[in-house]
>>> print(open('target22.cif').read())   # mmCIF, C-alpha atoms and all ligand atoms
data_upload
#
loop_
_atom_site.label_atom_id
_atom_site.label_comp_id
_atom_site.auth_asym_id
_atom_site.auth_seq_id
_atom_site.Cartn_x
_atom_site.Cartn_y
_atom_site.Cartn_z
CA MET A 23 69.53 103.55 107.44
CA GLU A 24 71.77 106.18 105.91
CA LYS A 25 75.00 104.85 104.42
CA LEU A 26 77.94 106.30 106.35
CA SER A 27 81.38 106.77 104.93
CA ALA A 28 84.54 108.32 106.35
CA LEU A 29 88.01 109.39 105.34
CA VAL A 30 90.46 108.32 108.05
CA SER A 31 93.92 109.85 108.06
CA ASP A 32 97.08 109.32 110.05
CA PHE A 33 98.79 112.49 111.30
CA ASP A 34 102.61 112.26 111.51
CA ASP A 35 104.40 111.96 108.18
CA THR A 36 101.03 111.71 106.45
CA LEU A 37 99.52 115.16 107.11
CA PHE A 38 102.55 116.76 108.75
CA PHE A 39 106.20 115.85 108.37
CA ASN A 40 107.87 115.54 111.75
CA LYS A 41 111.51 115.10 110.71
CA PRO A 42 112.74 118.66 111.51
CA ALA A 43 110.89 118.63 114.85
CA LEU A 44 112.31 115.21 115.75
CA ILE A 45 115.85 116.30 114.90
CA SER A 46 115.56 119.40 117.10
CA ALA A 47 114.03 117.31 119.90
CA ALA A 48 116.80 114.71 119.62
CA LYS A 49 119.52 117.38 119.87
CA ASP A 50 117.81 118.82 122.93
CA LEU A 51 117.43 115.43 124.64
CA TYR A 52 121.02 114.51 123.78
CA GLU A 53 122.23 117.47 125.85
CA THR A 54 119.98 116.46 128.75
CA ILE A 55 121.18 112.85 128.81
CA LEU A 56 124.84 113.91 128.59
CA LYS A 57 124.35 115.61 131.97
CA GLU A 58 122.91 112.42 133.49
CA GLU A 59 125.11 109.80 135.09
CA ASN A 60 126.70 107.25 132.78
CA SER A 61 124.86 103.99 132.36
CA ASP A 62 124.75 101.40 129.59
CA GLU A 63 121.17 102.39 128.87
CA ASN A 64 122.04 106.07 128.55
CA TYR A 65 124.99 105.20 126.34
CA LYS A 66 122.73 103.27 123.97
CA THR A 67 120.17 106.08 124.01
CA LEU A 68 122.86 108.61 123.05
CA ASN A 69 123.84 106.38 120.13
CA ASP A 70 120.19 106.10 119.07
CA LEU A 71 119.77 109.87 119.34
CA GLU A 72 122.74 110.35 117.02
CA ILE A 73 120.82 108.30 114.45
CA THR A 74 117.72 110.43 115.00
CA ILE A 75 119.76 113.62 114.63
CA GLY A 76 121.27 112.30 111.39
CA GLU A 77 118.24 110.67 109.81
CA GLY A 78 115.22 112.26 111.47
CA LYS A 79 113.77 108.95 112.60
CA ILE A 80 113.77 106.96 115.82
CA PRO A 81 115.53 103.60 115.66
CA LYS A 82 113.67 100.46 116.76
CA GLY A 83 114.27 99.59 120.41
CA PHE A 84 114.68 103.23 121.46
CA SER A 85 114.71 103.64 125.25
CA LYS A 86 111.23 103.50 126.83
CA LYS A 87 112.47 105.79 129.57
CA TRP A 88 113.23 108.62 127.16
CA LYS A 89 110.72 108.01 124.38
CA ASN A 90 107.95 110.15 125.81
CA GLU A 91 110.41 112.92 126.61
CA LEU A 92 111.60 112.91 123.00
CA TYR A 93 108.08 113.01 121.55
CA THR A 94 107.02 115.71 124.01
CA LEU A 95 109.90 117.89 122.87
CA ALA A 96 109.10 117.21 119.20
CA TYR A 97 105.32 117.65 119.40
CA VAL A 98 105.11 120.44 121.99
CA LYS A 99 108.33 122.50 122.16
CA TYR A 100 109.13 122.08 118.45
CA SER A 101 105.55 121.83 117.18
CA SER A 102 106.15 124.82 114.90
CA LYS A 103 108.77 122.75 113.04
CA LEU A 104 106.19 120.22 111.87
CA SER A 105 105.75 120.97 108.21
CA PRO A 106 102.48 120.47 106.37
CA ASN A 107 102.06 118.02 103.51
CA GLU A 108 100.23 120.72 101.58
CA PRO A 109 99.15 118.77 98.46
CA PHE A 110 97.60 116.06 100.62
CA ILE A 111 96.04 118.58 103.03
CA ASN A 112 94.45 120.36 100.04
CA TYR A 113 93.20 117.04 98.69
CA LEU A 114 91.48 116.28 102.02
CA LYS A 115 90.04 119.80 102.29
CA ASP A 116 88.42 119.37 98.87
CA ALA A 117 87.07 115.98 99.87
CA VAL A 118 85.55 117.49 103.05
CA LYS A 119 83.99 120.32 100.98
CA GLN A 120 82.34 117.64 98.86
CA GLY A 121 80.64 116.33 101.99
CA ASN A 122 83.02 113.63 103.23
CA GLU A 123 83.60 113.14 106.93
CA LEU A 124 87.24 113.34 108.04
CA ILE A 125 88.58 111.45 111.06
CA ILE A 126 92.17 111.76 112.28
CA LEU A 127 93.62 108.55 113.69
CA SER A 128 97.05 108.93 115.26
CA ALA A 129 99.08 106.89 117.71
CA ARG A 130 100.89 109.99 118.97
CA GLY A 131 98.83 109.94 122.20
CA GLU A 132 96.06 111.73 124.07
CA GLU A 133 98.71 113.86 125.80
CA PHE A 134 99.26 115.68 122.50
CA ARG A 135 95.60 116.39 121.68
CA LYS A 136 95.89 120.16 122.11
CA GLU A 137 98.92 120.52 119.80
CA THR A 138 97.42 118.08 117.27
CA GLU A 139 94.08 119.90 117.06
CA GLU A 140 95.81 123.29 116.89
CA LEU A 141 97.80 122.26 113.83
CA LEU A 142 94.73 120.82 112.10
CA SER A 143 92.83 124.07 112.71
CA LYS A 144 95.79 126.20 111.64
CA TYR A 145 95.72 124.51 108.22
CA GLY A 146 91.93 124.65 107.95
CA LEU A 147 91.26 120.94 108.14
CA ASP A 148 87.65 120.42 109.10
CA TYR A 149 87.65 117.11 110.98
CA SER A 150 84.82 115.43 112.86
CA LYS A 151 87.07 113.78 115.45
CA VAL A 152 90.66 113.08 116.43
CA ILE A 153 91.26 109.60 117.81
CA LEU A 154 94.38 109.19 119.98
CA PRO A 155 95.41 106.42 122.37
CA ALA A 156 94.81 107.09 126.08
CA ASN A 157 98.03 105.22 126.89
CA HIS A 158 100.83 103.43 125.07
CA GLU A 159 100.24 99.91 126.36
CA LEU A 160 99.65 98.48 122.88
CA LYS A 161 102.06 98.67 120.00
CA ASP A 162 101.08 101.52 117.67
CA GLU A 163 100.06 99.26 114.78
CA GLU A 164 98.02 97.03 117.09
CA TRP A 165 96.18 100.00 118.63
CA LYS A 166 95.51 101.44 115.20
CA MET A 167 94.19 98.14 113.88
CA LEU A 168 91.72 97.85 116.78
CA GLU A 169 90.50 101.44 116.27
CA VAL A 170 90.02 100.83 112.53
CA LYS A 171 88.03 97.71 113.44
CA LYS A 172 85.70 99.82 115.64
CA LEU A 173 85.31 102.41 112.86
CA SER A 174 84.57 99.71 110.29
CA GLU A 175 81.65 98.59 112.47
CA ILE A 176 80.21 102.14 112.49
CA TYR A 177 80.90 103.17 108.89
CA ASN A 178 79.83 101.26 105.81
CA HIS A 179 82.82 102.51 103.89
CA ILE A 180 86.22 103.82 104.98
CA VAL A 181 89.14 105.26 103.03
CA LEU A 182 92.31 105.07 105.10
CA PHE A 183 95.43 107.17 104.51
CA GLU A 184 98.72 106.21 106.16
CA ASP A 185 102.45 106.70 105.52
CA LYS A 186 103.56 103.35 106.99
CA GLU A 187 102.92 100.41 104.70
CA GLU A 188 103.51 97.97 107.59
CA ASN A 189 100.57 99.56 109.46
CA ILE A 190 98.33 99.03 106.44
CA ARG A 191 99.54 95.44 106.02
CA HIS A 192 98.92 94.76 109.72
CA ILE A 193 95.32 95.94 109.40
CA ILE A 194 94.73 93.94 106.21
CA ARG A 195 96.21 90.76 107.74
CA ASN A 196 94.17 90.99 110.93
CA LEU A 197 90.85 92.40 109.79
CA LYS A 198 90.54 91.15 106.22
CA PRO A 199 88.32 94.18 105.73
CA GLU A 200 85.76 94.32 102.93
CA ASN A 201 84.69 97.90 103.43
CA ILE A 202 88.05 99.68 103.67
CA GLU A 203 90.21 101.19 100.93
CA PHE A 204 93.87 101.77 101.77
CA TYR A 205 96.15 104.48 100.43
CA LEU A 206 99.84 104.79 101.20
CA VAL A 207 100.74 108.49 101.39
CA ASP A 208 104.16 109.73 100.31
CA HIS A 209 104.07 113.53 100.00
CA SER A 210 101.64 114.16 97.12
CA ILE A 211 101.67 110.55 95.91
CA LEU A 212 98.81 108.30 96.97
CA THR A 213 99.28 104.62 96.21
CA TYR A 214 96.30 102.32 96.37
CA ILE A 215 97.21 99.21 98.35
CA THR A 216 95.47 96.07 97.21
CA LYS A 217 94.83 93.18 99.51
MG MG B 1 102.58 108.28 110.37
#
>>> encode(input="target22.cif", output="structure tokens", more="lines below")
Ligand SMILES: [Mg+2]
Amino acid sequence: MEKLSALVSDFDDTLFFNKPALISAAKDLYETILKEENSDENYKTLNDLEITIGEGKIPKGFSKKWKNELYTLAYVKYSSKLSPNEPFINYLKDAVKQGNELIILSARGEEFRKETEELLSKYGLDYSKVILPANHELKDEEWKMLEVKKLSEIYNHIVLFEDKEENIRHIIRNLKPENIEFYLVDHSILTYITK
């Protein structure tokens, strides 16, 4: 049987930086919640949104009620503010030209497939598939680990690119994979993660 190999890449903050889009989304949502009635939960969410506006990231324990709203604003309304990680995109484009298969694996969710595929096409990334979760029942790192497990049963060799070291560590801990290489992506810097 033919030996199959695949390059598997995360999307947000690996291929595209979402900070400016998240900040705009957080400002937008902040205004919306201010108009809602006061509750402890809304008060905490406003505090969390101030952190997002300042730092461009979502604090742990961010309100479930508003999470999807925030991501929808960031990934749909402010999609044009996602900025490409050009050196890494060019690296993957070259790898695809050399005959490698590219798979996008992102926990952002099936609801954002259209916007995700549009950005990939806009930057000329020739992927074979985009894998997104149908729902958000599992934690992102858990969902990702299970999808990598499925891929590692199909492909003899996988090279995985991801911006979150904890996601890589979670996969290594749970799968103890023999046939996967892991690279932590930070702008143009790829760091090989050893088990
Ligand atoms: Mg990411």
>>> closest_residue(input="target22.cif", among="A:Lys115, A:Arg130, A:Lys217, A:His179", to="ligand MG 1 (chain B)", atoms="all atoms listed in the file")
A:Arg130
>>> atom_distance(input="target22.cif", atom1="CA of Ala48 (chain A)", atom2="CA of Lys186 (chain A)")
21.5 Å
>>> atom_distance(input="target22.cif", atom1="CA of Tyr214 (chain A)", atom2="CA of Lys151 (chain A)")
24.1 Å
>>> residues_around(input="target22.cif", residues="region 167-172 of chain A", least_positions_apart="6", cutoff="12 Å", atoms="only C-alpha atoms", output="compact mmCIF listing (two decimals) with C-alpha atoms, keeping the file's coordinate frame")
# COMPACT_ATOMS: atom_id res chain seq x y z
CA ALA A 28 84.54 108.32 106.35
CA LEU A 29 88.01 109.39 105.34
CA VAL A 30 90.46 108.32 108.05
CA SER A 31 93.92 109.85 108.06
CA ASP A 32 97.08 109.32 110.05
CA ILE A 125 88.58 111.45 111.06
CA ILE A 126 92.17 111.76 112.28
CA LEU A 127 93.62 108.55 113.69
CA SER A 128 97.05 108.93 115.26
CA ALA A 129 99.08 106.89 117.71
CA VAL A 152 90.66 113.08 116.43
CA ILE A 153 91.26 109.60 117.81
CA LEU A 154 94.38 109.19 119.98
CA PRO A 155 95.41 106.42 122.37
CA LEU A 160 99.65 98.48 122.88
CA LYS A 161 102.06 98.67 120.00
CA ASN A 178 79.83 101.26 105.81
CA HIS A 179 82.82 102.51 103.89
CA ILE A 180 86.22 103.82 104.98
CA VAL A 181 89.14 105.26 103.03
CA LEU A 182 92.31 105.07 105.10
CA PHE A 183 95.43 107.17 104.51
CA GLU A 188 103.51 97.97 107.59
CA ASN A 189 100.57 99.56 109.46
CA ILE A 190 98.33 99.03 106.44
CA ARG A 191 99.54 95.44 106.02
CA HIS A 192 98.92 94.76 109.72
CA ILE A 193 95.32 95.94 109.40
CA ILE A 194 94.73 93.94 106.21
CA ARG A 195 96.21 90.76 107.74
CA ASN A 196 94.17 90.99 110.93
CA LEU A 197 90.85 92.40 109.79
CA LYS A 198 90.54 91.15 106.22
CA PRO A 199 88.32 94.18 105.73
CA GLU A 200 85.76 94.32 102.93
CA ASN A 201 84.69 97.90 103.43
CA ILE A 202 88.05 99.68 103.67
CA GLU A 203 90.21 101.19 100.93
CA PHE A 204 93.87 101.77 101.77
>>> axis_aligned_box(input="target22.cif", around="region 132-138 of chain A", padding_each_side="5 Å", output="JSON")
{"center_x": 97.4, "center_y": 116.1, "center_z": 121.5, "size_x": 13.7, "size_y": 18.8, "size_z": 18.5}
>>> closest_atom_pairs(input="target22.cif", of="chain A", to="ligand MG 1 (chain B)", cutoff="6 Å", atoms="all atoms listed in the file", output="Markdown table")
| residue | atom | partner | partner_atom | distance |
| --- | --- | --- | --- | --- |
| A:Asp32 | CA | B:MG1 | MG | 5.6 |
| A:Phe33 | CA | B:MG1 | MG | 5.7 |
| A:Asp34 | CA | B:MG1 | MG | 4.1 |
| A:Asp35 | CA | B:MG1 | MG | 4.7 |
| A:Thr36 | CA | B:MG1 | MG | 5.4 |
| A:Asp185 | CA | B:MG1 | MG | 5.1 |
>>> residues_around(input="target22.cif", residues="region 101-106 of chain A", least_positions_apart="2", cutoff="12 Å", atoms="only C-alpha atoms", output="ChimeraX atom specification")
/A:33-47,93-99,108-112,134,136-142,144-147,209-210
>>> closest_residue(input="target22.cif", among="A:Lys86, A:Tyr52, A:Arg135, A:Ile80", to="Glu159 (chain A)", atoms="all atoms listed in the file")
A:Lys86
>>> residues_around(input="target22.cif", residues="Glu53 (chain A)", least_positions_apart="3", cutoff="12 Å", atoms="all atoms listed in the file", output="PyMOL selection string")
chain A and resi 46-50+56-58+64+67-68+71-72+92
>>> atom_distance(input="target22.cif", atom1="CA of Asn122 (chain A)", atom2="CA of Glu163 (chain A)")
25.1 Å
>>> closest_residue(input="target22.cif", among="A:Trp165, A:Trp88, A:Tyr100, A:Tyr149", to="Ala117 (chain A)", atoms="all atoms listed in the file")
A:Tyr149
>>> closest_residue(input="target22.cif", among="A:Gly131, A:Ser143, A:Leu206, A:Ser174", to="Asp162 (chain A)", atoms="all atoms listed in the file")
A:Gly131
>>> build_atoms(input="target22.cif", residues="region 128-149 of chain A", atoms="N, CA and C atoms", output="PDB file, keeping the file's coordinate frame")
ATOM      1  N   SER A 128      95.602 108.839 115.054  1.00  0.00           N
ATOM      2  CA  SER A 128      97.050 108.930 115.260  1.00  0.00           C
ATOM      3  C   SER A 128      97.466 108.282 116.554  1.00  0.00           C
ATOM      4  N   ALA A 129      98.572 107.555 116.504  1.00  0.00           N
ATOM      5  CA  ALA A 129      99.080 106.890 117.710  1.00  0.00           C
ATOM      6  C   ALA A 129      99.928 107.817 118.574  1.00  0.00           C
ATOM      7  N   ARG A 130      99.981 109.114 118.212  1.00  0.00           N
ATOM      8  CA  ARG A 130     100.890 109.990 118.970  1.00  0.00           C
ATOM      9  C   ARG A 130     100.478 110.114 120.445  1.00  0.00           C
ATOM     10  N   GLY A 131      99.205 109.987 120.788  1.00  0.00           N
ATOM     11  CA  GLY A 131      98.830 109.940 122.200  1.00  0.00           C
ATOM     12  C   GLY A 131      97.944 111.100 122.626  1.00  0.00           C
ATOM     13  N   GLU A 132      97.024 110.763 123.542  1.00  0.00           N
ATOM     14  CA  GLU A 132      96.060 111.730 124.070  1.00  0.00           C
ATOM     15  C   GLU A 132      96.757 112.967 124.659  1.00  0.00           C
ATOM     16  N   GLU A 133      97.973 112.755 125.178  1.00  0.00           N
ATOM     17  CA  GLU A 133      98.710 113.860 125.800  1.00  0.00           C
ATOM     18  C   GLU A 133      99.069 114.963 124.800  1.00  0.00           C
ATOM     19  N   PHE A 134      98.928 114.667 123.510  1.00  0.00           N
ATOM     20  CA  PHE A 134      99.260 115.680 122.500  1.00  0.00           C
ATOM     21  C   PHE A 134      98.016 116.180 121.754  1.00  0.00           C
ATOM     22  N   ARG A 135      96.838 115.989 122.358  1.00  0.00           N
ATOM     23  CA  ARG A 135      95.600 116.390 121.680  1.00  0.00           C
ATOM     24  C   ARG A 135      95.596 117.883 121.335  1.00  0.00           C
ATOM     25  N   LYS A 136      95.965 118.706 122.315  1.00  0.00           N
ATOM     26  CA  LYS A 136      95.890 120.160 122.110  1.00  0.00           C
ATOM     27  C   LYS A 136      96.746 120.574 120.895  1.00  0.00           C
ATOM     28  N   GLU A 137      98.001 120.139 120.880  1.00  0.00           N
ATOM     29  CA  GLU A 137      98.920 120.520 119.800  1.00  0.00           C
ATOM     30  C   GLU A 137      98.449 119.949 118.454  1.00  0.00           C
ATOM     31  N   THR A 138      97.893 118.735 118.497  1.00  0.00           N
ATOM     32  CA  THR A 138      97.420 118.080 117.270  1.00  0.00           C
ATOM     33  C   THR A 138      96.243 118.866 116.691  1.00  0.00           C
ATOM     34  N   GLU A 139      95.269 119.191 117.541  1.00  0.00           N
ATOM     35  CA  GLU A 139      94.080 119.900 117.060  1.00  0.00           C
ATOM     36  C   GLU A 139      94.431 121.321 116.600  1.00  0.00           C
ATOM     37  N   GLU A 140      95.386 121.940 117.291  1.00  0.00           N
ATOM     38  CA  GLU A 140      95.810 123.290 116.890  1.00  0.00           C
ATOM     39  C   GLU A 140      96.383 123.302 115.471  1.00  0.00           C
ATOM     40  N   LEU A 141      97.213 122.305 115.172  1.00  0.00           N
ATOM     41  CA  LEU A 141      97.800 122.260 113.830  1.00  0.00           C
ATOM     42  C   LEU A 141      96.738 121.992 112.762  1.00  0.00           C
ATOM     43  N   LEU A 142      95.796 121.118 113.063  1.00  0.00           N
ATOM     44  CA  LEU A 142      94.730 120.820 112.100  1.00  0.00           C
ATOM     45  C   LEU A 142      93.918 122.083 111.822  1.00  0.00           C
ATOM     46  N   SER A 143      93.613 122.837 112.881  1.00  0.00           N
ATOM     47  CA  SER A 143      92.830 124.070 112.710  1.00  0.00           C
ATOM     48  C   SER A 143      93.629 125.111 111.950  1.00  0.00           C
ATOM     49  N   LYS A 144      94.924 125.206 112.294  1.00  0.00           N
ATOM     50  CA  LYS A 144      95.790 126.200 111.640  1.00  0.00           C
ATOM     51  C   LYS A 144      95.773 126.027 110.119  1.00  0.00           C
ATOM     52  N   TYR A 145      95.698 124.774 109.662  1.00  0.00           N
ATOM     53  CA  TYR A 145      95.720 124.510 108.220  1.00  0.00           C
ATOM     54  C   TYR A 145      94.318 124.284 107.647  1.00  0.00           C
ATOM     55  N   GLY A 146      93.299 124.637 108.447  1.00  0.00           N
ATOM     56  CA  GLY A 146      91.930 124.650 107.950  1.00  0.00           C
ATOM     57  C   GLY A 146      91.339 123.280 107.655  1.00  0.00           C
ATOM     58  N   LEU A 147      91.818 122.272 108.353  1.00  0.00           N
ATOM     59  CA  LEU A 147      91.260 120.940 108.140  1.00  0.00           C
ATOM     60  C   LEU A 147      90.035 120.736 109.026  1.00  0.00           C
ATOM     61  N   ASP A 148      88.916 120.516 108.389  1.00  0.00           N
ATOM     62  CA  ASP A 148      87.650 120.420 109.100  1.00  0.00           C
ATOM     63  C   ASP A 148      87.365 118.940 109.423  1.00  0.00           C
ATOM     64  N   TYR A 149      87.788 118.525 110.602  1.00  0.00           N
ATOM     65  CA  TYR A 149      87.650 117.110 110.980  1.00  0.00           C
ATOM     66  C   TYR A 149      86.450 116.914 111.894  1.00  0.00           C
TER      67      TYR A 149
END
